[in-house]
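See below for data-v3.txt, which holds compact mmCIF, C-alpha atoms and all ligand atoms.
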# COMPACT_ATOMS: atom_id res chain seq x y z
CA ASN A 900 64.20 30.61 141.60
CA SER A 901 61.11 29.61 139.62
CA ARG A 902 60.42 29.64 135.92
CA ILE A 903 57.66 28.59 133.57
CA VAL A 904 58.56 26.69 130.43
CA LEU A 905 56.55 25.71 127.37
CA ALA A 906 55.76 22.05 128.09
CA SER A 907 53.95 21.35 124.82
CA ARG A 908 52.43 23.23 121.90
CA PRO A 909 48.72 23.99 122.18
CA VAL A 910 46.19 22.83 119.62
CA GLY A 911 43.41 25.41 119.79
CA ALA A 912 43.11 27.27 123.10
CA PRO A 913 46.13 26.82 125.40
CA THR A 914 45.60 24.80 128.59
CA GLN A 915 47.53 24.52 131.87
CA ASP A 916 49.19 21.37 130.49
CA ASN A 917 51.03 23.44 127.89
CA PHE A 918 53.02 25.09 130.69
CA ARG A 919 55.32 23.69 133.41
CA LEU A 920 56.49 25.47 136.55
CA GLU A 921 60.08 24.51 137.45
CA THR A 922 62.48 25.33 140.25
CA VAL A 923 66.06 25.88 139.15
CA THR A 924 69.21 27.24 140.79
CA LYS A 925 69.65 30.98 140.73
CA PRO A 926 72.10 31.99 137.98
CA VAL A 927 75.38 33.66 138.96
CA PRO A 928 76.47 36.74 137.01
CA ALA A 929 79.94 36.54 135.44
CA ASN A 930 82.30 39.47 135.04
CA GLY A 931 80.51 42.24 133.11
CA GLU A 932 77.08 40.77 133.86
CA VAL A 933 74.19 41.68 136.16
CA LEU A 934 71.68 39.50 137.97
CA LEU A 935 68.14 40.71 137.26
CA ARG A 936 65.28 40.04 139.64
CA SER A 937 61.93 40.34 137.86
CA VAL A 938 59.23 42.33 139.56
CA TYR A 939 56.65 42.67 136.77
CA LEU A 940 55.98 40.38 133.81
CA SER A 941 53.87 41.54 130.86
CA LEU A 942 51.40 39.04 129.39
CA ASP A 943 50.46 39.85 125.80
CA PRO A 944 48.39 38.22 123.04
CA TYR A 945 51.45 37.75 120.75
CA MET A 946 52.68 35.04 123.15
CA ARG A 947 50.07 32.69 121.69
CA GLY A 948 51.97 32.95 118.39
CA ARG A 949 55.28 32.07 120.08
CA MET A 950 53.74 28.90 121.52
CA SER A 951 53.02 27.67 118.01
CA ASP A 952 55.62 26.60 115.46
CA ALA A 953 53.69 28.04 112.52
CA LYS A 954 55.87 30.41 110.48
CA SER A 955 55.61 33.99 111.75
CA TYR A 956 57.56 37.24 112.04
CA ALA A 957 59.40 35.89 115.13
CA ASP A 958 60.79 32.49 116.06
CA PRO A 959 58.69 30.22 118.27
CA VAL A 960 59.65 29.33 121.84
CA ALA A 961 61.23 25.87 121.81
CA VAL A 962 59.48 23.19 123.85
CA ASN A 963 61.10 23.08 127.36
CA ASP A 964 62.39 26.65 126.99
CA VAL A 965 61.30 29.51 129.25
CA MET A 966 58.26 31.38 127.94
CA VAL A 967 59.34 34.74 126.52
CA GLY A 968 58.09 38.10 127.69
CA ALA A 969 58.97 41.64 128.62
CA THR A 970 59.74 42.27 132.28
CA VAL A 971 60.51 45.14 134.59
CA CYS A 972 63.37 44.07 136.83
CA GLN A 973 65.63 45.37 139.56
CA VAL A 974 69.36 44.81 139.45
CA ALA A 975 70.04 42.35 142.30
CA GLU A 976 73.80 41.91 141.77
CA SER A 977 76.12 43.80 139.48
CA ASN A 978 79.49 42.97 137.96
CA ASN A 979 78.95 45.63 135.32
CA PRO A 980 79.99 49.23 136.08
CA GLU A 981 77.06 50.57 134.00
CA PHE A 982 74.47 49.17 136.44
CA GLU A 983 73.95 49.73 140.16
CA ILE A 984 72.20 47.39 142.58
CA GLY A 985 68.55 48.39 143.02
CA GLU A 986 68.13 50.26 139.75
CA TRP A 987 65.18 49.40 137.52
CA VAL A 988 65.38 48.18 133.93
CA LEU A 989 63.02 47.08 131.18
CA ALA A 990 64.22 43.69 129.97
CA TYR A 991 63.03 40.69 128.03
CA THR A 992 63.73 37.93 130.53
CA GLY A 993 60.50 35.94 130.21
CA TRP A 994 58.41 34.00 132.70
CA GLN A 995 61.01 33.56 135.49
CA ASP A 996 62.30 35.09 138.73
CA TYR A 997 65.97 35.62 137.89
CA CYS A 998 68.08 36.04 134.79
CA VAL A 999 71.62 37.22 134.04
CA SER A 1000 72.36 39.83 131.40
CA ASP A 1001 75.46 41.49 129.98
CA GLY A 1002 73.47 44.73 129.85
CA GLU A 1003 72.82 44.57 126.11
CA GLY A 1004 69.25 45.62 125.26
CA LEU A 1005 68.33 46.70 128.80
CA LEU A 1006 66.46 49.99 129.02
CA LYS A 1007 67.22 51.94 132.18
CA LEU A 1008 64.15 53.15 134.11
CA GLY A 1009 65.98 54.89 136.96
CA LYS A 1010 66.38 54.28 140.70
CA GLN A 1011 62.87 55.20 141.82
CA PRO A 1012 60.53 55.30 138.81
CA ALA A 1013 57.03 56.54 139.75
CA ALA A 1014 55.22 53.66 138.03
CA PRO A 1015 57.75 51.05 136.84
CA SER A 1016 55.13 48.70 135.37
CA TYR A 1017 53.92 51.42 132.96
CA ALA A 1018 56.98 50.53 130.85
CA LEU A 1019 55.08 47.34 129.94
CA GLY A 1020 51.87 49.13 129.01
CA ILE A 1021 50.95 52.70 128.36
CA MET A 1022 54.58 53.89 128.09
CA GLY A 1023 55.72 50.68 126.42
CA MET A 1024 54.86 48.29 123.60
CA PRO A 1025 51.03 48.46 123.72
CA GLY A 1026 50.88 52.26 124.08
CA PHE A 1027 53.41 52.69 121.28
CA THR A 1028 51.41 50.28 119.10
CA ALA A 1029 48.23 52.29 119.59
CA TYR A 1030 49.99 55.58 118.87
CA MET A 1031 51.80 54.58 115.67
CA GLY A 1032 49.06 52.37 114.25
CA LEU A 1033 46.42 55.02 114.69
CA LEU A 1034 48.39 58.14 113.78
CA ASP A 1035 50.64 56.82 111.02
CA ILE A 1036 48.35 54.30 109.33
CA GLY A 1037 44.89 55.36 110.55
CA GLN A 1038 45.45 59.06 109.74
CA PRO A 1039 42.50 60.23 111.89
CA LYS A 1040 40.88 63.55 111.03
CA PRO A 1041 38.52 65.66 113.14
CA GLY A 1042 34.95 64.44 112.70
CA ASP A 1043 35.99 60.94 111.54
CA THR A 1044 34.21 57.96 113.04
CA LEU A 1045 36.85 55.67 114.55
CA VAL A 1046 35.98 52.12 115.63
CA VAL A 1047 38.25 50.01 117.83
CA ALA A 1048 37.65 46.64 119.53
CA ALA A 1049 39.30 45.19 122.64
CA ALA A 1050 38.40 48.72 123.70
CA THR A 1051 39.41 48.49 127.35
CA GLY A 1052 42.72 46.70 126.76
CA PRO A 1053 46.00 48.63 126.62
CA VAL A 1054 46.02 49.00 122.83
CA GLY A 1055 42.31 49.67 122.24
CA ALA A 1056 41.84 52.04 125.19
CA THR A 1057 44.81 54.10 124.02
CA VAL A 1058 43.69 54.12 120.38
CA GLY A 1059 40.27 55.44 121.36
CA GLN A 1060 41.60 58.10 123.70
CA ILE A 1061 44.14 59.38 121.15
CA GLY A 1062 41.30 59.38 118.63
CA LYS A 1063 39.30 61.65 120.95
CA LEU A 1064 42.33 63.96 121.32
CA LYS A 1065 42.42 64.18 117.50
CA GLY A 1066 38.73 65.11 117.30
CA CYS A 1067 37.24 61.79 116.20
CA ARG A 1068 33.91 60.31 117.17
CA VAL A 1069 35.01 57.10 118.87
CA VAL A 1070 33.03 53.86 118.97
CA GLY A 1071 34.49 51.04 121.06
CA VAL A 1072 33.67 47.34 120.93
CA ALA A 1073 34.18 45.35 124.12
CA GLY A 1074 33.05 42.17 125.85
CA GLY A 1075 30.32 42.85 128.40
CA GLU A 1076 28.39 45.69 129.92
CA LYS A 1077 31.01 46.56 132.57
CA LYS A 1078 33.76 47.10 130.02
CA CYS A 1079 31.43 49.09 127.74
CA ARG A 1080 30.43 51.39 130.61
CA TYR A 1081 34.09 51.94 131.51
CA ALA A 1082 34.94 52.82 127.89
CA LYS A 1083 32.29 55.54 127.88
CA GLU A 1084 32.48 56.86 131.43
CA VAL A 1085 36.21 56.70 132.12
CA LEU A 1086 37.87 56.61 128.69
CA GLY A 1087 35.42 59.12 127.19
CA PHE A 1088 34.38 57.07 124.13
CA ASP A 1089 31.17 58.27 122.48
CA GLU A 1090 29.74 54.76 122.25
CA CYS A 1091 30.77 51.23 123.14
CA ILE A 1092 29.02 48.12 121.86
CA ASP A 1093 29.10 44.68 123.48
CA HIS A 1094 30.24 42.13 120.88
CA LYS A 1095 28.52 39.38 122.87
CA ALA A 1096 25.07 40.93 122.28
CA ASP A 1097 22.83 38.94 119.89
CA ASP A 1098 22.11 42.08 117.86
CA PHE A 1099 25.73 43.32 117.91
CA GLU A 1100 25.78 43.95 114.15
CA GLN A 1101 22.60 46.05 114.24
CA GLN A 1102 23.81 48.00 117.29
CA LEU A 1103 27.11 48.80 115.58
CA GLN A 1104 25.31 49.92 112.45
CA ALA A 1105 22.98 52.15 114.50
CA VAL A 1106 25.84 54.02 116.20
CA CYS A 1107 27.82 54.34 112.95
CA SER A 1108 25.07 56.00 110.93
CA ASN A 1109 27.68 58.04 109.02
CA GLY A 1110 29.80 54.96 108.32
CA ILE A 1111 33.31 54.23 109.57
CA ASP A 1112 36.38 56.23 108.50
CA VAL A 1113 39.03 54.46 110.58
CA TYR A 1114 38.75 50.90 111.83
CA PHE A 1115 41.68 49.94 114.07
CA GLU A 1116 41.73 46.14 113.72
CA ASN A 1117 42.55 44.31 116.95
CA VAL A 1118 40.29 41.27 116.79
CA GLY A 1119 39.07 40.13 113.33
CA GLY A 1120 36.29 37.55 113.17
CA LYS A 1121 32.69 38.63 113.58
CA VAL A 1122 33.63 42.19 114.59
CA PHE A 1123 35.35 42.69 111.24
CA ASP A 1124 32.40 41.06 109.45
CA ALA A 1125 30.13 43.70 111.02
CA VAL A 1126 32.53 46.56 110.27
CA LEU A 1127 33.25 45.77 106.59
CA PRO A 1128 29.91 46.91 105.09
CA LEU A 1129 30.04 50.12 107.16
CA LEU A 1130 33.45 51.32 105.89
CA ASN A 1131 33.31 54.65 104.06
CA THR A 1132 35.07 55.50 100.82
CA GLY A 1133 38.71 56.21 101.64
CA ALA A 1134 38.58 54.44 105.02
CA ARG A 1135 41.86 53.44 106.67
CA VAL A 1136 42.27 50.09 108.42
CA PRO A 1137 45.47 49.62 110.47
CA VAL A 1138 45.69 45.84 110.96
CA CYS A 1139 47.21 45.43 114.40
CA GLY A 1140 45.92 42.08 115.64
CA LEU A 1141 43.36 39.34 115.04
CA ILE A 1142 42.95 37.95 118.53
CA SER A 1143 39.65 36.17 117.80
CA GLN A 1144 41.63 33.89 115.45
CA TYR A 1145 44.74 33.15 117.55
CA ASN A 1146 43.35 29.86 118.87
CA ALA A 1147 41.70 28.86 115.58
CA THR A 1148 42.58 25.47 114.12
CA SER A 1149 40.79 25.96 110.80
CA LEU A 1150 39.43 28.68 108.55
CA PRO A 1151 36.12 30.26 109.65
CA GLU A 1152 32.76 28.88 108.56
CA GLY A 1153 31.51 29.90 105.11
CA PRO A 1154 30.25 31.58 103.09
CA ASP A 1155 33.65 32.69 101.78
CA ARG A 1156 33.88 36.49 102.26
CA MET A 1157 37.12 37.00 100.35
CA SER A 1158 35.59 38.42 97.17
CA MET A 1159 33.34 40.74 99.19
CA LEU A 1160 36.42 41.98 101.08
CA MET A 1161 38.41 42.58 97.89
CA GLY A 1162 35.42 44.21 96.20
CA THR A 1163 34.94 46.60 99.12
CA ILE A 1164 38.64 47.49 99.19
CA LEU A 1165 38.51 48.24 95.46
CA VAL A 1166 35.23 50.11 95.17
CA LYS A 1167 35.72 52.13 98.36
CA ARG A 1168 39.49 52.63 97.86
CA ILE A 1169 40.24 51.35 101.35
CA ARG A 1170 43.76 51.43 102.68
CA MET A 1171 44.47 48.42 104.85
CA GLN A 1172 47.93 47.97 106.28
CA GLY A 1173 49.46 45.60 108.79
CA PHE A 1174 52.36 46.54 111.06
CA ILE A 1175 54.64 44.98 113.67
CA ILE A 1176 55.42 47.73 116.09
CA PHE A 1177 59.17 47.48 116.80
CA ASP A 1178 60.05 46.14 113.34
CA ASP A 1179 58.37 49.09 111.65
CA TYR A 1180 58.53 51.96 114.11
CA ALA A 1181 61.40 51.49 116.60
CA HIS A 1182 63.02 54.67 115.23
CA ARG A 1183 59.96 56.72 116.28
CA TYR A 1184 59.77 55.64 119.93
CA ASN A 1185 60.94 59.03 121.28
CA GLU A 1186 58.17 60.87 119.45
CA PHE A 1187 55.62 58.62 121.14
CA ALA A 1188 57.26 58.82 124.58
CA GLN A 1189 57.28 62.60 124.49
CA ASP A 1190 53.58 62.93 123.56
CA MET A 1191 52.42 60.20 125.92
CA THR A 1192 54.38 61.57 128.88
CA GLN A 1193 52.74 64.92 128.31
CA TRP A 1194 49.21 63.48 127.90
CA LEU A 1195 49.58 61.44 131.11
CA SER A 1196 50.84 64.46 133.04
CA GLU A 1197 47.84 66.47 131.82
CA ASP A 1198 45.48 63.62 132.76
CA LYS A 1199 44.35 63.34 129.13
CA ILE A 1200 44.93 59.59 128.97
CA GLN A 1201 43.55 57.08 131.48
CA TYR A 1202 45.31 53.77 132.00
CA ARG A 1203 44.05 50.66 133.74
CA GLU A 1204 46.21 47.74 134.86
CA HIS A 1205 44.99 44.26 135.71
CA LEU A 1206 47.61 43.14 138.22
CA VAL A 1207 47.86 39.48 139.28
CA LYS A 1208 50.29 38.37 141.99
CA GLY A 1209 52.47 35.27 141.61
CA LEU A 1210 54.37 33.73 138.71
CA ASP A 1211 52.34 30.54 139.19
CA LYS A 1212 49.23 32.49 138.12
CA ALA A 1213 50.73 33.36 134.72
CA PRO A 1214 49.36 30.38 132.74
CA GLU A 1215 45.72 30.79 133.83
CA SER A 1216 45.96 34.55 133.42
CA PHE A 1217 47.33 34.18 129.90
CA ILE A 1218 44.64 31.65 128.97
CA GLY A 1219 42.09 34.19 130.28
CA LEU A 1220 43.60 37.02 128.20
CA LEU A 1221 42.61 35.18 125.03
CA GLU A 1222 39.05 34.84 126.40
CA GLY A 1223 38.64 38.47 127.47
CA LYS A 1224 38.90 37.75 131.20
CA ASN A 1225 41.40 40.57 131.71
CA PHE A 1226 40.13 44.09 132.33
CA GLY A 1227 43.03 46.38 131.51
CA LYS A 1228 46.71 45.69 130.82
CA LEU A 1229 47.53 42.23 132.19
CA VAL A 1230 50.66 42.30 134.35
CA ILE A 1231 51.96 39.58 136.68
CA GLN A 1232 53.73 40.77 139.80
CA ILE A 1233 56.36 38.07 140.16
CA ASN A 1234 58.18 39.52 143.16
CA GLN A 1235 57.81 42.39 145.64
CA PRO A 1236 59.61 45.56 144.52
P1 LIG A 1301 44.03 43.16 125.48
O1 LIG A 1301 44.50 43.36 126.85
O2 LIG A 1301 43.01 44.08 124.92
O3 LIG A 1301 43.47 41.66 125.49
C1 LIG A 1301 42.84 41.09 124.48
C2 LIG A 1301 41.34 41.41 124.46
O4 LIG A 1301 40.84 40.97 123.22
C3 LIG A 1301 40.52 40.66 125.47
O5 LIG A 1301 40.52 41.25 126.74
C4 LIG A 1301 39.14 40.70 124.83
O6 LIG A 1301 38.49 41.91 125.19
C5 LIG A 1301 39.46 40.78 123.33
N1 LIG A 1301 39.05 39.54 122.67
C6 LIG A 1301 39.51 38.30 122.90
N2 LIG A 1301 38.88 37.42 122.10
C7 LIG A 1301 38.01 38.14 121.36
C8 LIG A 1301 37.06 37.80 120.35
N3 LIG A 1301 36.89 36.53 119.95
N4 LIG A 1301 36.34 38.79 119.78
C9 LIG A 1301 36.49 40.07 120.18
N5 LIG A 1301 37.37 40.45 121.14
C10 LIG A 1301 38.11 39.49 121.71
O7 LIG A 1301 45.23 43.05 124.43
P2 LIG A 1301 46.24 44.15 123.85
O8 LIG A 1301 45.67 45.51 124.00
O9 LIG A 1301 47.58 43.87 124.40
O10 LIG A 1301 46.28 43.75 122.31
C11 LIG A 1301 45.21 44.06 121.43
C12 LIG A 1301 45.54 43.54 120.03
O11 LIG A 1301 46.69 44.19 119.54
C13 LIG A 1301 45.84 42.05 119.95
O12 LIG A 1301 45.26 41.53 118.78
C14 LIG A 1301 47.34 42.00 119.85
O13 LIG A 1301 47.80 40.83 119.22
C15 LIG A 1301 47.60 43.24 119.02
N6 LIG A 1301 48.96 43.79 119.11
C16 LIG A 1301 49.66 43.95 117.95
C17 LIG A 1301 50.91 44.54 117.94
C18 LIG A 1301 51.60 44.77 116.64
O14 LIG A 1301 52.77 45.16 116.65
N7 LIG A 1301 50.96 44.56 115.51
C19 LIG A 1301 51.54 44.94 119.20
C20 LIG A 1301 50.71 44.79 120.37
C21 LIG A 1301 49.46 44.21 120.32
P3 LIG A 1301 36.89 42.01 125.30
O15 LIG A 1301 36.52 41.29 126.55
O16 LIG A 1301 36.63 43.45 125.34
O17 LIG A 1301 36.35 41.33 124.08
What's the structure tokens form of this structure?
Ligand code: NDP
Amino acid sequence: NSRIVLASRPVGAPTQDNFRLETVTKPVPANGEVLLRSVYLSLDPYMRGRMSDAKSYADPVAVNDVMVGATVCQVAESNNPEFEIGEWVLAYTGWQDYCVSDGEGLLKLGKQPAAPSYALGIMGMPGFTAYMGLLDIGQPKPGDTLVVAAATGPVGATVGQIGKLKGCRVVGVAGGEKKCRYAKEVLGFDECIDHKADDFEQQLQAVCSNGIDVYFENVGGKVFDAVLPLLNTGARVPVCGLISQYNATSLPEGPDRMSMLMGTILVKRIRMQGFIIFDDYAHRYNEFAQDMTQWLSEDKIQYREHLVKGLDKAPESFIGLLEGKNFGKLVIQINQP
């Protein structure tokens, strides 16, 4: 039974030294409990926040505690009449092989789900984030120009594809030519610009000649700097994530853009709103699940997973997620189904 704990808090980008792989005895379920064996572990950008003790919307992981994370598990032993051996559940057991649970908070996925790991991605937290952030805050209208970065990741890819279903012109921003080609050819985006290109700002401006009506904010930094002057009057900006800043140890280089930001918000009457998906929208999960199930069954939404085998690969994979090394939803297969 292996687990990965937070060995120390990172300063800047996390390194392998911030994590420690340990072998511990397998827990034994008490009366009323089940033993969960993790098959899939989700790696997500928010975990960088949990590694830090800066004040946030959720408590940090304590040093020497198991790294947190959503998992898709099978029930390996059951002393709880509600759960049968072999059935699948969505849980929050973190970076480890085994965990006991009293059943509280487990979401049943059935005995033979078609794609169990989808509960961590397109049918789970990232898909739900894309759906609510875009539809509730972004308020897309047919003909709007919608811009979204991290365009091939689980949130961005879903935002852009829902935008297309709602009649928007969709411009993605992604790292590298391969991801940009995928966004256009497979996801059906109208354009996708490489943020690593020297003339990124000019390229974005050229493909947004009618300005930007909805900017779904996933990354911040220089992408937002390029987007800000292109926002149209009445633009909506759902603020979902700022991944380019998660490893930052200081404020960005000057000049200070704060007054330009506030001036643009005022003069162009821009609505900018942050959200934390389950805190704000848990009560609307069924609405999302219904629409997404239908879109997937009609082949209207494409979904790409980046699957890595072995719990020991989790630290390097997570470090890579913050550098754009993943191509699709990053999932660690901890054990064989
Ligand atoms: P992704 O799988 O898309 O992974 C992150 C991607 O961000 C990388 O692959 C990379 O893509 C891009 N990226 C990393 N650094 C930079 C940078 N400096 N500049 C531009 N792009 C960068 O992640 P998710 O889809 O899971 O998450 C996307 C965003 O949504 C994150 O900011 C996350 O924190 C946020 N989020 C917020 C939630 C909420 O409730 N508010 C819930 C879930 C996610 P590329 O190579 O294309 O640049």
**Item:** Contacts of ligand LIG 1301 (chain A), 6 Å or closer, all atoms listed in the file, given as a PyMOL selection string
**Value:** chain A and resi 943-945+1025+1028+1049-1050+1052-1055+1073-1074+1117-1118+1139-1143+1174-1176+1220-1225+1227-1228
For the residues in the current selection, export C-alpha atoms as a short mmCIF file (atom, residue, chain, number, x, y, z; two decimals), in the coordinates of the input.
data_model
loop_
_atom_site.label_atom_id
_atom_site.label_comp_id
_atom_site.auth_asym_id
_atom_site.auth_seq_id
_atom_site.Cartn_x
_atom_site.Cartn_y
_atom_site.Cartn_z
CA ASP A 943 50.46 39.85 125.80
CA PRO A 944 48.39 38.22 123.04
CA TYR A 945 51.45 37.75 120.75
CA PRO A 1025 51.03 48.46 123.72
CA THR A 1028 51.41 50.28 119.10
CA ALA A 1049 39.30 45.19 122.64
CA ALA A 1050 38.40 48.72 123.70
CA GLY A 1052 42.72 46.70 126.76
CA PRO A 1053 46.00 48.63 126.62
CA VAL A 1054 46.02 49.00 122.83
CA GLY A 1055 42.31 49.67 122.24
CA ALA A 1073 34.18 45.35 124.12
CA GLY A 1074 33.05 42.17 125.85
CA ASN A 1117 42.55 44.31 116.95
CA VAL A 1118 40.29 41.27 116.79
CA CYS A 1139 47.21 45.43 114.40
CA GLY A 1140 45.92 42.08 115.64
CA LEU A 1141 43.36 39.34 115.04
CA ILE A 1142 42.95 37.95 118.53
CA SER A 1143 39.65 36.17 117.80
CA PHE A 1174 52.36 46.54 111.06
CA ILE A 1175 54.64 44.98 113.67
CA ILE A 1176 55.42 47.73 116.09
CA LEU A 1220 43.60 37.02 128.20
CA LEU A 1221 42.61 35.18 125.03
CA GLU A 1222 39.05 34.84 126.40
CA GLY A 1223 38.64 38.47 127.47
CA LYS A 1224 38.90 37.75 131.20
CA ASN A 1225 41.40 40.57 131.71
CA GLY A 1227 43.03 46.38 131.51
CA LYS A 1228 46.71 45.69 130.82
#
**Item:** Best match for closeness to Tyr1180 (chain A) among A:Glu1003, A:Asp1035, A:Asp952, A:Asp964, counting all atoms listed in the file
**Value:**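 Selected residue with least distance to Tyr1180 (chain A): A:Asp1035.
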**Message:** My list of candidates is A:Lys1078, A:Leu1229, A:Cys1107, A:Asp1124. Which is closest to Phe1217 (chain A) when distances are computed with only C-alpha atoms?
**Reply:** A:Leu1229
**Request:** Could you give me, as a VMD selection string, the residues within 9 Å of Gly1009 (chain A), counting all atoms listed in the file and dropping anything in the same chain fewer than 3 positions from it?
**Result:** chain A and resid 986 to 988 1012
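Between Gly1026 (chain A) and the residues A:Gln1235, A:Gln1144, A:Thr992, A:Gln1201, the shortest atom-to-atom distance, using all atoms listed in the file, involves A:Gln1201.
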**Message:** For a test of reading the model, state the distance in Å between CA of Glu932 (chain A) and CA of Glu983 (chain A), rounded to one decimal.
**Reply:**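 About the pair CA of Glu932 (chain A) and CA of Glu983 (chain A): they are 11.4 Å apart.
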**Message:** Which residues are near Gly1087 (chain A)? Cut-off 12 Å, all atoms listed in the file, ignore same chain within fewer than 2 positions. Put them as a list of chain:residue names.
**Reply:**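 Within the cut-off, the hits are A:Ala1050, A:Thr1051, A:Ala1056, A:Thr1057, A:Val1058, A:Gly1059, A:Gln1060, A:Ile1061, A:Gly1062, A:Lys1063, A:Leu1064, A:Cys1067, A:Arg1068, A:Val1069, A:Val1070, A:Gly1071, A:Cys1079, A:Arg1080, A:Tyr1081, A:Ala1082, A:Lys1083, A:Glu1084, A:Val1085, A:Asp1089, A:Glu1090, A:Cys1091, A:Lys1199, A:Ile1200, A:Gln1201.
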What's around Pro1041 (chain A) at 8 Å? Count only C-alpha atoms, leave out sequence neighbours fewer than 2 positions away in its own chain, and write the answer as a PDB file with C-alpha atoms, in the coordinates of the input.
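Written file, part-v6.pdb:
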ATOM      1  CA  PRO A1039      42.500  60.230 111.890  1.00  0.00           C
ATOM      2  CA  ASP A1043      35.990  60.940 111.540  1.00  0.00           C
ATOM      3  CA  LYS A1065      42.420  64.180 117.500  1.00  0.00           C
ATOM      4  CA  GLY A1066      38.730  65.110 117.300  1.00  0.00           C
ATOM      5  CA  CYS A1067      37.240  61.790 116.200  1.00  0.00           C
TER       6      CYS A1067
END
**Prompt:** So how many Å separate CA of Arg947 (chain A) and CA of Leu1103 (chain A), to one decimal?
**Reply:**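 Pair CA of Arg947 (chain A) / CA of Leu1103 (chain A) returns 28.7 Å.
Interatomic distance, CA of Asp1211 (chain A) against CA of Lys1077 (chain A): 27.5 Å.
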**Request:** In the coordinates of the file, take the point (45.2, 25.1, 112.9) and a cut-off of 8 Å; then, counting all atoms listed in the file, name each qualifying protein, DNA or RNA residue as a list in words.
**Result:**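 Answer for this query, in the requested form: Val910, Gly911, Asn1146, Ala1147, Thr1148 and Ser1149 of chain A.
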**Prompt:** Nearest to Tyr991 (chain A): which of A:Thr1192, A:Ser951, A:Ser901, A:Thr970 is it, counting all atoms listed in the file?
**Reply:**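 Going through A:Thr1192, A:Ser951, A:Ser901, A:Thr970 one by one, the smallest distance to Tyr991 (chain A) is for A:Thr970.
Closest approach to Asp916 (chain A) from the set A:Gln1101, A:Pro928, A:Gly1020, A:Ile903 is made by A:Ile903, with distances taken over only C-alpha atoms.
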**Shortest interatomic distance to Gly985 (chain A) - which of A:Ala1134, A:Leu1033, A:Leu1129, A:Lys1010, counting all atoms listed in the file** = A:Lys1010
**Request:** Extract, using only C-alpha atoms, all DNA, RNA and protein residues at most 8 Å from Pro926 (chain A), discarding same-chain residues fewer than 5 positions from it, and format them as a list in words.
**Result:** Leu934, Tyr997, Cys998 and Val999 of chain A
**Request:** List the neighbours of Gln995 (chain A) out to 12 Å using all atoms listed in the file; skip same-chain residues closer than 2 positions along the sequence, and give me the result as number ranges by chain.
**Result:** A: 900-904, 919-926, 935-941, 964-972, 990-993, 997-999, 1209-1211, 1213, 1231-1234
